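A.B. asks: Below you will find the structure I want to go over with you.
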Amino acid sequence: MEDIKKNLETVKGKITEAAEGCGRKGSDVLLVAVSKTRTPEEINTAIDAGVTDIGENKVQEIMDKFDAVKPVRWHMIGHLQTNKVKYIIDKVDIIHSVDSMKLAKEIDKRAAQHGKVMDILVQINPADEESKFGVTTEGAGELVKEILENCENIRIKGLMSVAPIKEDPRDVKPYFDGVKAQFDELSKIEHPRLDFEFLSMGMSGDFPVAIEAGSNLVRVGSAIFGERDYVQYRKDQEAKKNGNA
């Protein structure tokens with residue numbers, strides 16, 4: 001667990017260095033610690049070390065960990081199926097991965113049932129990769145406007161993007177630059193339920209480049225918690241199902 005604290009300090013240092021390199025402060029960039037496959041104990045260690053925001057990729061993991069994790073802001077950052085919105089609508093503070101009106105309408109409906117306005121980000125797939133979710137950079141504007149017209153229980157807080165994986169992280173900067181340009185353009189829209197506070201770009205392998213391009217929210221997992229052991233994680237999950245853990 002001590003490694004988590006050391007890794008966190010290293011990540012924060014890199015965030016500050018990247019931000020100051022382009023005339024900003026490290027505090028201008030929100031760090032969301034991605035806790036995919038991590039235990040509540042590991043997450044709580046990160047929270048004790050100063051993490052204020054936790055990001056999860058899967059609905060089931062949020063449900064499994066929610067009550068065991070100390071008070072923190074929860075971000076749903078992975079692909080969200082419409083039939084699972086109801087399980088996390090009262091648990092997460094912001095949903096990063098909205099990429100269709102179908103999903104937006106379900107979030108709107110469930111938020112209304114809970115008497116809340118749900119904060120979301122519109123997800124962009126800047127390289128239009130078939131393996132990733134999200135609208136095209138050019139298509140984001142149309143989705144933003146449609147959500148504002150039809151979903152009274154949604155507030156759009158910005159954009160999220162996952163860049164393609166490149167051997168040299170600097171090769172993804174043109175994709176980040178394109179999303180930033182779209183962010184700047186859409187932020188000009190005046191609407192009571194549009195508040196472009198977050199540009200969520202950058203993960204463990206490329207967050208300094210994303211910050212240089214203008215990101216003010218980075219989603220970092222393995223650089224904080226270490227590399228994921230998916231084999232052990234699956235074994236633990238199977239043990240839970242069988243009542244042995």
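In the structure tokens, chains take the letters A, B, ... in the order shown, each chain's residues start at 1, and ligands count up from 1 in the order shown.
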I'd like the neighbourhood of Val117 (chain A) as a list in words, where a residue qualifies if any of its atoms comes within 8 Å (using only C-alpha atoms), though same-chain residues fewer than 2 positions away should be ignored.

C.D. replies: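 Contacts, in chain order: Asp108, Ala111, Ala112, Gly115, Asp119, Glu152, Asn153, Ile154 and Arg155 of chain A.
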
A.B. asks: Can you tell me which residues surround region 58-71 of chain A at a distance of at most 8 Å, considering only C-alpha atoms, apart from same-chain residues fewer than 4 positions away, and format the answer as number ranges by chain?

C.D. replies: A: 36-37, 39-41, 43-44, 47, 76, 78-80, 84, 87-88, 91

A.B. asks: Selection from above, N, CA, C and O atoms, as a CSV table (one decimal), in the first residue's frame, can you write it?

C.D. replies:
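Here's the written file out-v6.csv:
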```csv
chain,number,residue,atom,x,y,z
A,36,LYS,N,-10.2,0.4,-11.5
A,36,LYS,CA,-10.6,-0.8,-12.1
A,36,LYS,C,-9.8,-2.0,-11.6
A,36,LYS,O,-8.6,-2.0,-11.6
A,37,THR,N,-10.5,-3.0,-11.1
A,37,THR,CA,-10.0,-4.2,-10.5
A,37,THR,C,-9.3,-4.0,-9.1
A,37,THR,O,-8.8,-5.0,-8.5
A,39,THR,N,-9.1,-3.2,-5.0
A,39,THR,CA,-9.9,-3.5,-3.8
A,39,THR,C,-10.3,-2.2,-3.1
A,39,THR,O,-9.6,-1.1,-3.3
A,40,PRO,N,-11.3,-2.2,-2.3
A,40,PRO,CA,-11.7,-1.0,-1.5
A,40,PRO,C,-10.5,-0.6,-0.6
A,40,PRO,O,-10.3,0.6,-0.4
A,41,GLU,N,-9.7,-1.5,-0.1
A,41,GLU,CA,-8.6,-1.2,0.7
A,41,GLU,C,-7.6,-0.3,0.0
A,41,GLU,O,-7.0,0.7,0.5
A,43,ILE,N,-8.2,1.4,-2.7
A,43,ILE,CA,-8.8,2.7,-3.0
A,43,ILE,C,-8.8,3.6,-1.8
A,43,ILE,O,-8.5,4.8,-1.9
A,44,ASN,N,-9.1,3.1,-0.6
A,44,ASN,CA,-9.1,3.9,0.6
A,44,ASN,C,-7.6,4.4,0.9
A,44,ASN,O,-7.5,5.5,1.5
A,47,ILE,N,-7.3,7.4,-1.2
A,47,ILE,CA,-8.1,8.5,-0.7
A,47,ILE,C,-7.3,9.1,0.5
A,47,ILE,O,-7.3,10.4,0.7
A,76,MET,N,-18.2,7.6,-13.4
A,76,MET,CA,-18.4,6.5,-14.3
A,76,MET,C,-17.7,6.8,-15.6
A,76,MET,O,-18.1,7.7,-16.4
A,78,GLY,N,-16.3,4.3,-17.9
A,78,GLY,CA,-16.4,3.2,-19.0
A,78,GLY,C,-17.7,3.3,-19.7
A,78,GLY,O,-18.6,4.0,-19.4
A,79,HIS,N,-17.8,2.4,-20.7
A,79,HIS,CA,-19.0,2.3,-21.5
A,79,HIS,C,-20.2,1.9,-20.6
A,79,HIS,O,-20.1,1.0,-19.8
A,80,LEU,N,-21.3,2.6,-20.8
A,80,LEU,CA,-22.4,2.4,-19.9
A,80,LEU,C,-23.6,2.0,-20.8
A,80,LEU,O,-24.1,2.7,-21.7
A,84,LYS,N,-28.2,-0.5,-17.4
A,84,LYS,CA,-27.5,-0.5,-16.2
A,84,LYS,C,-27.4,0.9,-15.5
A,84,LYS,O,-26.9,1.1,-14.4
A,87,TYR,N,-28.7,1.4,-11.9
A,87,TYR,CA,-27.9,0.9,-10.7
A,87,TYR,C,-26.9,1.9,-10.2
A,87,TYR,O,-26.5,1.8,-9.0
A,88,ILE,N,-26.5,2.9,-11.0
A,88,ILE,CA,-25.5,3.8,-10.5
A,88,ILE,C,-25.9,5.3,-10.5
A,88,ILE,O,-25.2,6.1,-10.1
A,91,LYS,N,-25.4,6.9,-7.3
A,91,LYS,CA,-24.1,6.7,-6.7
A,91,LYS,C,-23.0,7.6,-7.3
A,91,LYS,O,-22.1,8.0,-6.6
```

A.B. asks: List the spatial neighbours of Phe225 (chain A) as a PyMOL selection string - criterion: any atom at most 8 Å away, only C-alpha atoms, same-chain residues fewer than 4 positions off excluded.

C.D. replies: chain A and resi 3-4+7+35+38+42+221

A.B. asks: Can you tell me which residues surround region 193-195 of chain A at a distance of at most 7 Å, considering only C-alpha atoms, apart from same-chain residues fewer than 4 positions away, and format the answer as a list in words?

C.D. replies: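 Counting only the stated atoms, we get Leu148, Arg155, Ile156, Lys157 and Gly158 of chain A.
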
A.B. asks: Taking all heavy atoms for each residue, export the selection above as a PDB file, in the first residue's frame.

C.D. replies:
```pdb
ATOM      1  N   LEU A 148     -29.316  18.945 -24.896  1.00  0.00           N
ATOM      2  CA  LEU A 148     -29.803  20.171 -24.257  1.00  0.00           C
ATOM      3  C   LEU A 148     -31.277  20.410 -24.584  1.00  0.00           C
ATOM      4  O   LEU A 148     -32.033  20.901 -23.744  1.00  0.00           O
ATOM      5  CB  LEU A 148     -28.966  21.371 -24.713  1.00  0.00           C
ATOM      6  CG  LEU A 148     -27.518  21.411 -24.210  1.00  0.00           C
ATOM      7  CD1 LEU A 148     -26.778  22.583 -24.845  1.00  0.00           C
ATOM      8  CD2 LEU A 148     -27.461  21.499 -22.689  1.00  0.00           C
ATOM      9  N   ARG A 155     -27.028  17.845 -17.073  1.00  0.00           N
ATOM     10  CA  ARG A 155     -26.186  19.033 -17.246  1.00  0.00           C
ATOM     11  C   ARG A 155     -24.890  18.575 -17.915  1.00  0.00           C
ATOM     12  O   ARG A 155     -24.206  17.671 -17.420  1.00  0.00           O
ATOM     13  CB  ARG A 155     -25.879  19.674 -15.890  1.00  0.00           C
ATOM     14  CG  ARG A 155     -24.982  20.910 -15.964  1.00  0.00           C
ATOM     15  CD  ARG A 155     -24.963  21.684 -14.651  1.00  0.00           C
ATOM     16  NE  ARG A 155     -24.773  20.779 -13.529  1.00  0.00           N
ATOM     17  CZ  ARG A 155     -25.603  20.715 -12.481  1.00  0.00           C
ATOM     18  NH1 ARG A 155     -26.683  21.486 -12.431  1.00  0.00           N
ATOM     19  NH2 ARG A 155     -25.360  19.876 -11.480  1.00  0.00           N
ATOM     20  N   ILE A 156     -24.549  19.190 -19.028  1.00  0.00           N
ATOM     21  CA  ILE A 156     -23.340  18.801 -19.766  1.00  0.00           C
ATOM     22  C   ILE A 156     -22.155  19.596 -19.229  1.00  0.00           C
ATOM     23  O   ILE A 156     -22.120  20.820 -19.323  1.00  0.00           O
ATOM     24  CB  ILE A 156     -23.501  19.034 -21.273  1.00  0.00           C
ATOM     25  CG1 ILE A 156     -24.746  18.303 -21.800  1.00  0.00           C
ATOM     26  CG2 ILE A 156     -22.252  18.545 -22.011  1.00  0.00           C
ATOM     27  CD1 ILE A 156     -25.015  18.528 -23.277  1.00  0.00           C
ATOM     28  N   LYS A 157     -21.186  18.876 -18.691  1.00  0.00           N
ATOM     29  CA  LYS A 157     -20.032  19.502 -18.033  1.00  0.00           C
ATOM     30  C   LYS A 157     -18.779  19.506 -18.891  1.00  0.00           C
ATOM     31  O   LYS A 157     -17.722  19.955 -18.440  1.00  0.00           O
ATOM     32  CB  LYS A 157     -19.744  18.777 -16.720  1.00  0.00           C
ATOM     33  CG  LYS A 157     -20.865  18.861 -15.706  1.00  0.00           C
ATOM     34  CD  LYS A 157     -21.033  20.263 -15.142  1.00  0.00           C
ATOM     35  CE  LYS A 157     -19.927  20.601 -14.156  1.00  0.00           C
ATOM     36  NZ  LYS A 157     -20.136  21.931 -13.540  1.00  0.00           N
ATOM     37  N   GLY A 158     -18.862  18.971 -20.116  1.00  0.00           N
ATOM     38  CA  GLY A 158     -17.702  19.011 -20.975  1.00  0.00           C
ATOM     39  C   GLY A 158     -17.586  17.806 -21.877  1.00  0.00           C
ATOM     40  O   GLY A 158     -18.585  17.146 -22.197  1.00  0.00           O
TER      41      GLY A 158
END
```

A.B. asks: Apply DSSP to the backbone of this structure and, from region 5-242 of chain A, keep only the residues in alpha helix (DSSP H); write these as an NGL selection string.

C.D. replies: :A and (5-21 or 40-48 or 59-65 or 85-88 or 101-113 or 140-150 or 173-186 or 207-213 or 222-225 or 230-241)

A.B. asks: How many Å lie between CA of Val34 (chain A) and CA of Ile54 (chain A), rounded to one decimal?

C.D. replies: 5.9 Å

A.B. asks: At what distance in Å, to one decimal, does CA of His191 (chain A) lie from CA of Val32 (chain A)?

C.D. replies: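 Taking CA of Val32 (chain A) and CA of His191 (chain A), their separation equals 26.8 Å.
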
A.B. asks: A:Pro192, A:Met118, A:Gln182, A:Glu167: which is nearest Glu142 (chain A), counting only C-alpha atoms?

C.D. replies: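 Going through A:Pro192, A:Met118, A:Gln182, A:Glu167 one by one, the smallest distance to Glu142 (chain A) is for A:Gln182.
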
A.B. asks: Could you go through region 61-207 of chain A and tell me which residues DSSP, when run on the backbone, assigns to strand (DSSP E), listing them as an NGL selection string?

C.D. replies: :A and (73-76 or 94-98 or 118-124 or 154-161 or 194-201)
